[in-house]
>>> print(open('my_file36.cif').read())   # mmCIF, C-alpha atoms
data_start
#
loop_
_atom_site.group_PDB
_atom_site.id
_atom_site.type_symbol
_atom_site.label_atom_id
_atom_site.label_comp_id
_atom_site.auth_asym_id
_atom_site.auth_seq_id
_atom_site.Cartn_x
_atom_site.Cartn_y
_atom_site.Cartn_z
ATOM 1 C CA MET E 1 -77.062 -29.657 64.509
ATOM 2 C CA THR E 2 -79.170 -32.740 63.774
ATOM 3 C CA VAL E 3 -78.359 -32.533 60.054
ATOM 4 C CA LEU E 4 -74.609 -32.140 60.665
ATOM 5 C CA SER E 5 -74.589 -34.928 63.225
ATOM 6 C CA LYS E 6 -76.442 -37.319 60.900
ATOM 7 C CA LEU E 7 -73.978 -36.456 58.127
ATOM 8 C CA GLY E 8 -71.263 -37.841 60.392
ATOM 9 C CA PHE E 9 -69.641 -34.709 61.778
ATOM 10 C CA ASP E 10 -68.458 -34.327 65.356
ATOM 11 C CA ILE E 11 -70.444 -31.183 66.106
ATOM 12 C CA SER E 12 -68.768 -30.763 69.499
ATOM 13 C CA LYS E 13 -65.736 -29.452 67.563
ATOM 14 C CA ARG E 14 -67.822 -26.574 66.174
ATOM 15 C CA ASN E 15 -65.638 -26.584 63.064
ATOM 16 C CA LEU E 16 -67.565 -24.487 60.555
ATOM 17 C CA ASP E 17 -64.736 -24.643 58.011
ATOM 18 C CA GLU E 18 -64.930 -28.445 58.003
ATOM 19 C CA TYR E 19 -68.658 -28.373 57.295
ATOM 20 C CA ARG E 20 -68.216 -25.857 54.468
ATOM 21 C CA LYS E 21 -65.427 -27.897 52.851
ATOM 22 C CA TYR E 22 -67.692 -30.929 52.848
ATOM 23 C CA TYR E 23 -70.498 -29.071 51.094
ATOM 24 C CA ASP E 24 -68.033 -27.651 48.564
ATOM 25 C CA SER E 25 -66.756 -31.152 47.802
ATOM 26 C CA ILE E 26 -70.058 -32.926 47.117
ATOM 27 C CA ASN E 27 -72.202 -32.439 44.020
ATOM 28 C CA THR E 28 -75.963 -32.015 44.013
ATOM 29 C CA SER E 29 -76.835 -35.571 42.910
ATOM 30 C CA GLU E 30 -74.560 -37.140 45.520
ATOM 31 C CA TYR E 31 -76.000 -34.959 48.244
ATOM 32 C CA ILE E 32 -79.603 -35.712 47.276
ATOM 33 C CA ASN E 33 -78.831 -39.444 47.404
ATOM 34 C CA LYS E 34 -77.224 -39.059 50.833
ATOM 35 C CA VAL E 35 -80.173 -37.062 52.227
ATOM 36 C CA PHE E 36 -82.681 -39.667 51.004
ATOM 37 C CA GLU E 37 -80.558 -42.447 52.488
ATOM 38 C CA ILE E 38 -80.088 -40.796 55.897
ATOM 39 C CA SER E 39 -83.704 -39.670 56.244
ATOM 40 C CA ASN E 40 -84.916 -43.050 54.948
ATOM 41 C CA VAL E 41 -87.342 -41.299 52.616
ATOM 42 C CA LYS E 42 -88.441 -43.190 49.511
ATOM 43 C CA GLU E 43 -90.063 -40.363 47.565
ATOM 44 C CA VAL E 44 -91.234 -36.760 47.972
ATOM 45 C CA ILE E 45 -93.973 -34.601 46.471
ATOM 46 C CA MET E 46 -92.687 -31.394 44.925
ATOM 47 C CA THR E 47 -94.403 -28.012 44.942
ATOM 48 C CA ASN E 48 -94.654 -27.163 41.245
ATOM 49 C CA ASP E 49 -95.749 -23.631 40.437
ATOM 50 C CA PRO E 50 -96.634 -22.943 36.777
ATOM 51 C CA PHE E 51 -96.610 -19.212 37.556
ATOM 52 C CA ASP E 52 -92.910 -19.296 38.480
ATOM 53 C CA GLU E 53 -91.175 -18.291 35.257
ATOM 54 C CA LYS E 54 -87.952 -20.224 35.958
ATOM 55 C CA GLU E 55 -89.836 -23.403 36.739
ATOM 56 C CA ARG E 56 -92.308 -22.909 33.905
ATOM 57 C CA LYS E 57 -89.497 -22.808 31.341
ATOM 58 C CA ILE E 58 -88.078 -26.094 32.624
ATOM 59 C CA TRP E 59 -91.447 -27.859 32.345
ATOM 60 C CA GLU E 60 -92.091 -26.493 28.870
ATOM 61 C CA LYS E 61 -88.600 -27.425 27.660
ATOM 62 C CA GLY E 62 -88.808 -30.880 29.208
ATOM 63 C CA TYR E 63 -86.289 -32.760 31.333
ATOM 64 C CA ASN E 64 -85.556 -36.209 32.738
ATOM 65 C CA LYS E 65 -87.240 -36.271 36.141
ATOM 66 C CA ASP E 66 -85.833 -38.239 39.046
ATOM 67 C CA SER E 67 -88.559 -40.785 39.847
ATOM 68 C CA ARG E 68 -88.210 -40.025 43.569
ATOM 69 C CA PHE E 69 -89.605 -36.528 42.934
ATOM 70 C CA ILE E 70 -93.355 -36.594 42.289
ATOM 71 C CA SER E 71 -95.343 -33.523 41.240
ATOM 72 C CA SER E 72 -98.169 -31.482 42.672
ATOM 73 C CA LEU E 73 -99.672 -28.408 41.045
ATOM 74 C CA ARG E 74 -99.438 -25.281 43.216
ATOM 75 C CA ILE E 75 -101.980 -22.596 42.300
ATOM 76 C CA ASP E 76 -101.562 -19.870 44.957
ATOM 77 C CA PRO E 77 -101.296 -16.962 42.471
ATOM 78 C CA LEU E 78 -104.457 -18.049 40.664
ATOM 79 C CA LEU E 79 -106.521 -17.836 43.872
ATOM 80 C CA ASN E 80 -104.714 -15.103 45.781
ATOM 81 C CA ASP E 81 -103.584 -12.707 43.014
ATOM 82 C CA PHE E 82 -106.104 -13.157 40.235
ATOM 83 C CA ASP E 83 -106.292 -9.413 39.507
ATOM 84 C CA THR E 84 -102.810 -9.622 37.981
ATOM 85 C CA ILE E 85 -102.602 -13.315 37.084
ATOM 86 C CA TYR E 86 -105.502 -13.180 34.605
ATOM 87 C CA LEU E 87 -103.366 -10.861 32.466
ATOM 88 C CA LYS E 88 -100.542 -13.396 32.475
ATOM 89 C CA LEU E 89 -102.975 -16.134 31.452
ATOM 90 C CA ASN E 90 -103.930 -13.954 28.498
ATOM 91 C CA GLN E 91 -100.266 -13.636 27.527
ATOM 92 C CA TRP E 92 -100.000 -17.431 27.533
ATOM 93 C CA GLY E 93 -102.927 -17.820 25.162
ATOM 94 C CA TYR E 94 -105.850 -18.320 27.535
ATOM 95 C CA ASP E 95 -108.843 -16.049 26.915
ATOM 96 C CA VAL E 96 -109.573 -15.075 30.528
ATOM 97 C CA LYS E 97 -111.404 -11.938 31.623
ATOM 98 C CA PHE E 98 -111.379 -10.543 35.141
ATOM 99 C CA GLU E 99 -115.191 -10.733 35.228
ATOM 100 C CA LEU E 100 -114.930 -14.532 34.825
ATOM 101 C CA ASP E 101 -117.556 -15.116 32.181
ATOM 102 C CA ASN E 102 -118.314 -18.647 30.964
ATOM 103 C CA LYS E 103 -115.499 -18.539 28.405
ATOM 104 C CA SER E 104 -113.019 -17.521 31.117
ATOM 105 C CA ILE E 105 -114.135 -20.398 33.336
ATOM 106 C CA GLU E 106 -113.542 -22.899 30.535
ATOM 107 C CA GLU E 107 -110.151 -21.374 29.761
ATOM 108 C CA ILE E 108 -108.988 -21.603 33.386
ATOM 109 C CA LYS E 109 -110.115 -25.234 33.439
ATOM 110 C CA ARG E 110 -108.129 -25.798 30.245
ATOM 111 C CA PHE E 111 -105.046 -24.218 31.825
ATOM 112 C CA LEU E 112 -105.330 -26.368 34.961
ATOM 113 C CA SER E 113 -105.974 -29.558 32.999
ATOM 114 C CA GLU E 114 -102.999 -28.971 30.725
ATOM 115 C CA TRP E 115 -100.683 -28.422 33.677
ATOM 116 C CA VAL E 116 -101.964 -31.421 35.625
ATOM 117 C CA ARG E 117 -101.127 -33.520 32.561
ATOM 118 C CA LYS E 118 -97.812 -31.779 31.893
ATOM 119 C CA THR E 119 -96.583 -32.264 35.469
ATOM 120 C CA ASP E 120 -98.434 -35.540 36.124
ATOM 121 C CA SER E 121 -99.532 -34.025 39.441
ATOM 122 C CA VAL E 122 -101.004 -36.218 42.164
ATOM 123 C CA TYR E 123 -102.886 -33.326 43.779
ATOM 124 C CA MET E 124 -103.581 -29.601 43.404
ATOM 125 C CA ALA E 125 -102.533 -27.336 46.281
ATOM 126 C CA VAL E 126 -102.854 -23.827 47.689
ATOM 127 C CA SER E 127 -101.934 -22.008 50.886
ATOM 128 C CA LEU E 128 -104.581 -19.606 52.175
ATOM 129 C CA PRO E 129 -104.920 -16.915 54.852
ATOM 130 C CA PRO E 130 -106.875 -17.474 58.087
ATOM 131 C CA SER E 131 -109.485 -15.073 56.715
ATOM 132 C CA PHE E 132 -110.243 -17.465 53.843
ATOM 133 C CA THR E 133 -113.959 -17.696 53.180
ATOM 134 C CA ILE E 134 -115.994 -19.297 50.465
ATOM 135 C CA ILE E 135 -119.491 -19.633 51.966
ATOM 136 C CA ASN E 136 -120.401 -15.963 51.659
ATOM 137 C CA ASP E 137 -117.666 -14.940 49.269
ATOM 138 C CA ASN E 138 -118.682 -12.882 46.239
ATOM 139 C CA THR E 139 -115.200 -12.551 44.754
ATOM 140 C CA TYR E 140 -113.410 -14.472 42.020
ATOM 141 C CA LYS E 141 -111.946 -16.939 44.558
ATOM 142 C CA LYS E 142 -115.247 -18.751 45.168
ATOM 143 C CA LYS E 143 -115.994 -19.009 41.473
ATOM 144 C CA ILE E 144 -112.524 -20.280 40.549
ATOM 145 C CA ILE E 145 -112.543 -22.923 43.294
ATOM 146 C CA GLU E 146 -116.081 -24.168 42.687
ATOM 147 C CA LYS E 147 -116.247 -23.905 38.883
ATOM 148 C CA CYS E 148 -112.619 -24.516 37.873
ATOM 149 C CA VAL E 149 -110.435 -26.159 40.505
ATOM 150 C CA LEU E 150 -112.872 -28.706 41.897
ATOM 151 C CA PRO E 151 -114.216 -29.867 38.492
ATOM 152 C CA VAL E 152 -110.659 -30.432 37.235
ATOM 153 C CA CYS E 153 -109.748 -32.281 40.427
ATOM 154 C CA ARG E 154 -112.804 -34.508 39.953
ATOM 155 C CA GLU E 155 -111.910 -35.145 36.330
ATOM 156 C CA PHE E 156 -108.421 -36.363 37.251
ATOM 157 C CA ASN E 157 -109.481 -37.925 40.589
ATOM 158 C CA ILE E 158 -106.906 -35.895 42.517
ATOM 159 C CA PRO E 159 -107.367 -34.164 45.897
ATOM 160 C CA PHE E 160 -107.442 -30.430 46.439
ATOM 161 C CA ALA E 161 -104.880 -29.798 49.186
ATOM 162 C CA MET E 162 -105.565 -26.686 51.248
ATOM 163 C CA MET E 163 -103.069 -25.282 53.740
ATOM 164 C CA ILE E 164 -104.964 -22.690 55.718
ATOM 165 C CA GLY E 165 -103.842 -20.104 58.217
ATOM 166 C CA VAL E 166 -100.825 -18.134 56.951
ATOM 167 C CA LYS E 167 -100.695 -14.340 57.136
ATOM 168 C CA ARG E 168 -98.204 -13.307 54.478
ATOM 169 C CA ALA E 169 -95.710 -10.515 55.187
ATOM 170 C CA ALA E 170 -97.048 -9.582 58.621
ATOM 171 C CA ASN E 171 -93.676 -7.904 59.068
ATOM 172 C CA PRO E 172 -92.673 -6.847 55.537
ATOM 173 C CA ARG E 173 -89.206 -5.801 56.702
ATOM 174 C CA LEU E 174 -88.390 -9.474 57.198
ATOM 175 C CA SER E 175 -89.343 -10.318 53.606
ATOM 176 C CA LEU E 176 -90.005 -14.093 53.268
ATOM 177 C CA ALA E 177 -89.342 -14.550 56.985
ATOM 178 C CA GLY E 178 -92.096 -12.091 57.947
ATOM 179 C CA ASP E 179 -95.074 -14.444 57.677
ATOM 180 C CA PHE E 180 -97.408 -15.001 60.646
ATOM 181 C CA LEU E 181 -100.461 -17.166 61.365
ATOM 182 C CA GLY E 182 -104.058 -16.965 62.553
ATOM 183 C CA LYS E 183 -106.994 -19.166 63.505
ATOM 184 C CA ALA E 184 -109.263 -19.957 60.565
ATOM 185 C CA ASP E 185 -112.982 -20.724 60.424
ATOM 186 C CA ILE E 186 -113.402 -24.506 60.109
ATOM 187 C CA SER E 187 -116.915 -23.943 58.713
ATOM 188 C CA GLU E 188 -115.338 -23.117 55.356
ATOM 189 C CA VAL E 189 -113.773 -26.575 55.147
ATOM 190 C CA GLU E 190 -117.009 -28.157 56.367
ATOM 191 C CA TYR E 191 -118.906 -26.395 53.583
ATOM 192 C CA LEU E 192 -116.543 -27.663 50.879
ATOM 193 C CA CYS E 193 -116.576 -31.255 52.163
ATOM 194 C CA ARG E 194 -120.384 -31.253 52.395
ATOM 195 C CA GLU E 195 -121.250 -29.461 49.159
ATOM 196 C CA PHE E 196 -118.625 -31.233 47.050
ATOM 197 C CA MET E 197 -118.724 -34.785 48.343
ATOM 198 C CA ASP E 198 -117.419 -36.112 45.013
ATOM 199 C CA ASN E 199 -114.173 -34.214 45.604
ATOM 200 C CA LYS E 200 -111.264 -35.257 47.827
ATOM 201 C CA PHE E 201 -109.731 -32.694 50.182
ATOM 202 C CA MET E 202 -106.396 -32.819 51.969
ATOM 203 C CA ILE E 203 -106.314 -30.246 54.759
ATOM 204 C CA THR E 204 -103.669 -28.937 57.115
ATOM 205 C CA MET E 205 -104.080 -25.821 59.252
ATOM 206 C CA LEU E 206 -101.423 -23.574 60.729
ATOM 207 C CA SER E 207 -103.035 -22.565 64.011
ATOM 208 C CA LYS E 208 -102.834 -24.940 66.954
ATOM 209 C CA GLU E 209 -106.353 -23.832 67.950
ATOM 210 C CA ASN E 210 -107.804 -25.365 64.749
ATOM 211 C CA GLN E 211 -106.459 -28.887 65.275
ATOM 212 C CA HIS E 212 -109.157 -30.478 67.437
ATOM 213 C CA GLU E 213 -112.120 -29.340 65.346
ATOM 214 C CA LEU E 214 -110.287 -30.337 62.156
ATOM 215 C CA ALA E 215 -109.796 -33.858 63.537
ATOM 216 C CA ILE E 216 -113.472 -34.070 64.497
ATOM 217 C CA LEU E 217 -114.511 -32.851 61.042
ATOM 218 C CA ALA E 218 -112.429 -35.620 59.462
ATOM 219 C CA ARG E 219 -114.548 -38.150 61.403
ATOM 220 C CA LYS E 220 -117.643 -36.842 59.628
ATOM 221 C CA PHE E 221 -116.429 -36.736 56.013
ATOM 222 C CA ARG E 222 -114.751 -39.604 54.183
ATOM 223 C CA ASN E 223 -113.559 -37.180 51.491
ATOM 224 C CA LEU E 224 -111.338 -35.308 53.988
ATOM 225 C CA MET E 225 -107.776 -36.366 54.833
ATOM 226 C CA VAL E 226 -105.928 -34.454 57.566
ATOM 227 C CA PHE E 227 -102.189 -34.221 57.035
ATOM 228 C CA GLY E 228 -99.027 -32.970 58.701
ATOM 229 C CA CYS E 229 -97.897 -30.496 61.318
ATOM 230 C CA TRP E 230 -97.294 -27.529 59.083
ATOM 231 C CA TRP E 231 -94.577 -24.901 59.485
ATOM 232 C CA PHE E 232 -94.957 -23.193 62.884
ATOM 233 C CA LEU E 233 -96.494 -26.398 64.263
ATOM 234 C CA ASN E 234 -93.341 -28.355 63.447
ATOM 235 C CA ASN E 235 -92.145 -28.174 67.059
ATOM 236 C CA PRO E 236 -91.734 -31.396 69.078
ATOM 237 C CA SER E 237 -94.226 -30.510 71.817
ATOM 238 C CA MET E 238 -96.931 -29.598 69.300
ATOM 239 C CA ILE E 239 -96.258 -32.566 67.012
ATOM 240 C CA ASP E 240 -96.742 -34.800 70.060
ATOM 241 C CA GLU E 241 -99.984 -33.122 71.153
ATOM 242 C CA ILE E 242 -101.504 -32.915 67.672
ATOM 243 C CA THR E 243 -100.608 -36.525 66.836
ATOM 244 C CA ARG E 244 -102.253 -37.709 70.056
ATOM 245 C CA ILE E 245 -105.409 -35.685 69.337
ATOM 246 C CA ARG E 246 -105.648 -37.161 65.851
ATOM 247 C CA MET E 247 -104.887 -40.740 66.859
ATOM 248 C CA GLU E 248 -107.392 -40.651 69.720
ATOM 249 C CA THR E 249 -110.012 -39.162 67.381
ATOM 250 C CA LEU E 250 -109.304 -40.832 64.046
ATOM 251 C CA GLY E 251 -107.438 -44.019 64.882
ATOM 252 C CA LEU E 252 -104.869 -44.352 62.096
ATOM 253 C CA SER E 253 -106.952 -42.629 59.397
ATOM 254 C CA PHE E 254 -104.731 -39.586 58.925
ATOM 255 C CA ILE E 255 -101.270 -38.546 57.714
ATOM 256 C CA PRO E 256 -99.317 -37.559 60.844
ATOM 257 C CA GLN E 257 -96.525 -35.634 59.148
ATOM 258 C CA HIS E 258 -95.340 -34.315 55.808
ATOM 259 C CA SER E 259 -91.826 -33.266 54.796
ATOM 260 C CA ASP E 260 -92.589 -29.555 54.219
ATOM 261 C CA SER E 261 -88.939 -28.885 53.332
ATOM 262 C CA ARG E 262 -87.876 -25.637 51.700
ATOM 263 C CA VAL E 263 -84.365 -27.085 51.289
ATOM 264 C CA ILE E 264 -83.742 -30.781 50.860
ATOM 265 C CA ASP E 265 -81.602 -31.490 53.909
ATOM 266 C CA GLN E 266 -84.524 -30.480 56.106
ATOM 267 C CA LEU E 267 -85.752 -34.000 55.327
ATOM 268 C CA ILE E 268 -83.077 -35.269 57.714
ATOM 269 C CA TYR E 269 -83.998 -33.406 60.882
ATOM 270 C CA LYS E 270 -87.754 -33.171 60.282
ATOM 271 C CA TRP E 271 -88.196 -36.915 59.830
ATOM 272 C CA TYR E 272 -85.674 -37.857 62.516
ATOM 273 C CA HIS E 273 -87.549 -35.758 65.088
ATOM 274 C CA SER E 274 -91.053 -36.601 63.867
ATOM 275 C CA LYS E 275 -90.521 -40.366 63.718
ATOM 276 C CA LYS E 276 -89.281 -40.400 67.313
ATOM 277 C CA ILE E 277 -92.389 -38.532 68.471
ATOM 278 C CA ILE E 278 -94.888 -40.499 66.373
ATOM 279 C CA SER E 279 -93.375 -43.821 67.488
ATOM 280 C CA SER E 280 -93.684 -42.734 71.115
ATOM 281 C CA VAL E 281 -97.382 -41.939 70.626
ATOM 282 C CA LEU E 282 -97.914 -45.297 68.908
ATOM 283 C CA ILE E 283 -96.228 -47.162 71.767
ATOM 284 C CA ASP E 284 -98.476 -45.442 74.311
ATOM 285 C CA LYS E 285 -101.580 -46.368 72.323
ATOM 286 C CA TYR E 286 -100.474 -49.965 71.873
ATOM 287 C CA GLU E 287 -99.935 -50.176 75.625
ATOM 288 C CA ASP E 288 -103.482 -48.894 76.194
ATOM 289 C CA ILE E 289 -104.836 -51.588 73.896
ATOM 290 C CA MET E 290 -102.745 -54.317 75.513
ATOM 291 C CA ASP E 291 -103.941 -53.231 78.967
ATOM 292 C CA SER E 292 -107.459 -54.126 77.826
ATOM 293 C CA GLY E 293 -106.327 -57.653 76.985
ATOM 294 C CA TRP E 294 -105.882 -57.304 73.224
ATOM 295 C CA VAL E 295 -102.777 -59.004 71.795
ATOM 296 C CA ILE E 296 -100.858 -57.084 69.107
ATOM 297 C CA SER E 297 -98.600 -58.856 66.634
ATOM 298 C CA GLU E 298 -95.444 -57.541 64.991
ATOM 299 C CA GLU E 299 -97.193 -57.932 61.647
ATOM 300 C CA GLU E 300 -99.981 -55.584 62.783
ATOM 301 C CA ILE E 301 -97.470 -53.013 64.001
ATOM 302 C CA ARG E 302 -95.630 -53.108 60.668
ATOM 303 C CA ARG E 303 -98.967 -52.704 58.858
ATOM 304 C CA ASP E 304 -99.916 -49.687 60.991
ATOM 305 C CA VAL E 305 -96.553 -47.964 60.570
ATOM 306 C CA GLU E 306 -96.632 -48.471 56.818
ATOM 307 C CA SER E 307 -100.153 -47.050 56.740
ATOM 308 C CA ILE E 308 -99.434 -43.785 58.529
ATOM 309 C CA PHE E 309 -96.090 -43.173 56.811
ATOM 310 C CA SER E 310 -97.058 -44.153 53.264
ATOM 311 C CA ASN E 311 -100.195 -46.117 52.442
ATOM 312 C CA ASN E 312 -102.737 -43.684 53.897
ATOM 313 C CA PHE E 313 -101.548 -41.046 51.463
ATOM 314 C CA TRP E 314 -101.410 -43.264 48.387
ATOM 315 C CA ASP E 315 -104.709 -44.989 49.193
ATOM 316 C CA PHE E 316 -106.392 -41.575 49.456
ATOM 317 C CA ILE E 317 -104.783 -40.385 46.207
ATOM 318 C CA LYS E 318 -106.161 -43.425 44.356
ATOM 319 C CA LYS E 319 -109.474 -43.559 46.184
ATOM 320 C CA GLN E 320 -112.687 -43.049 44.238
ATOM 321 C CA ILE E 321 -115.182 -40.981 46.238
#
>>> encode(input="my_file36.cif", output="structure tokens")
Amino acid sequence: MTVLSKLGFDISKRNLDEYRKYYDSINTSEYINKVFEISNVKEVIMTNDPFDEKERKIWEKGYNKDSRFISSLRIDPLLNDFDTIYLKLNQWGYDVKFELDNKSIEEIKRFLSEWVRKTDSVYMAVSLPPSFTIINDNTYKKKIIEKCVLPVCREFNIPFAMMIGVKRAANPRLSLAGDFLGKADISEVEYLCREFMDNKFMITMLSKENQHELAILARKFRNLMVFGCWWFLNNPSMIDEITRIRMETLGLSFIPQHSDSRVIDQLIYKWYHSKKIISSVLIDKYEDIMDSGWVISEEEIRRDVESIFSNNFWDFIKKQI
């Protein structure tokens, strides 16, 4: 309803045919421009998966990329399905064995480096289950993260973005809609931030129960940036609570929301709702400061808003740890 309303429809008429005629009449480029204009979004980071055959062919063929769409390298299959993915890497000319000998490690690093360059990615990303562990892990996942992913991220000075807490296909009958969530062990993130202090980590977690300890952890490590209210947390009441926890713990040193849009017009309602909530939290905090006698200028407010909606991200991307 928010999307249709912002597109200019009178939704009280409930005229589905009218909405469908509009979508039939507008081409993709026009609609993308309209969505960016309405949502007041300057640019977005794509999820670019080199293991998706359709997408892979487009990257290898080459195309003229809209400058508003920036790349990130998504590596879920490499970390979650290596028992089949290593065979695909072999097909593509990378000499990778399941046992992950030294040659395999170098070949995976070569694959990642080539795709970071090809896509000009600003970070590397993966979504992980709540059971994710690396401290006492003896599987390929630990070795790939520590010996392949993190070295390549350091080489290109890009963060490793980890989205932790999704249980895939909890109800397989619902297909893509059957995913669930669970509380993860924050010690795994603590370990990575402590043992790899030359790496940058962007972290978001899916369980509400993880949010406070994640915010506290971000106070302890300058190489950790907390971002967004991911997926099942993208509800107004939880966005409000989580934003307040982070602001009271971290000041403005976090990224309060990310677009997380499976389809592009989700930019409209997600940012419309989130900006209302985040502005309300900011107003409350400014009032607290003013009650103490501090005077806040319009220039400072503009600076703060620009920081949490844009500069915090780009400053962290460019930051040398």
>>> residues_around(input="my_file36.cif", residues="Met124 (chain E)", least_positions_apart="6", cutoff="12 Å", atoms="only C-alpha atoms", output="ChimeraX atom specification")
/E:45-50,71-76,78,112-113,115-117,145,148-154,156-163,199-203,317
>>> closest_residue(input="my_file36.cif", among="E:Lys61, E:Lys143, E:Lys270, E:Lys54", to="Ile38 (chain E)", atoms="only C-alpha atoms")
E:Lys270
>>> resolve_selection(input="my_file36.cif", expression="the PyMOL selection byres ((chain E and resi 251) around 12)", output="list in words")
Ala215, Ile216, Ala218, Arg219, Thr243, Arg244, Ile245, Arg246, Met247, Glu248, Thr249, Leu250, Leu252, Ser253, Phe254, Ile255, Pro256, Val281, Leu282, Lys285, Tyr286, Asp304, Ser307, Ile308 and Asn312 of chain E
>>> resolve_selection(input="my_file36.cif", expression="the PyMOL selection byres ((chain E and resi 127) around 10)", output="PyMOL selection string")
chain E and resi 74-77+79-80+125-126+128-130+132+161-167+204-206
>>> atom_distance(input="my_file36.cif", atom1="CA of Gln91 (chain E)", atom2="CA of Asn64 (chain E)")
27.4 Å
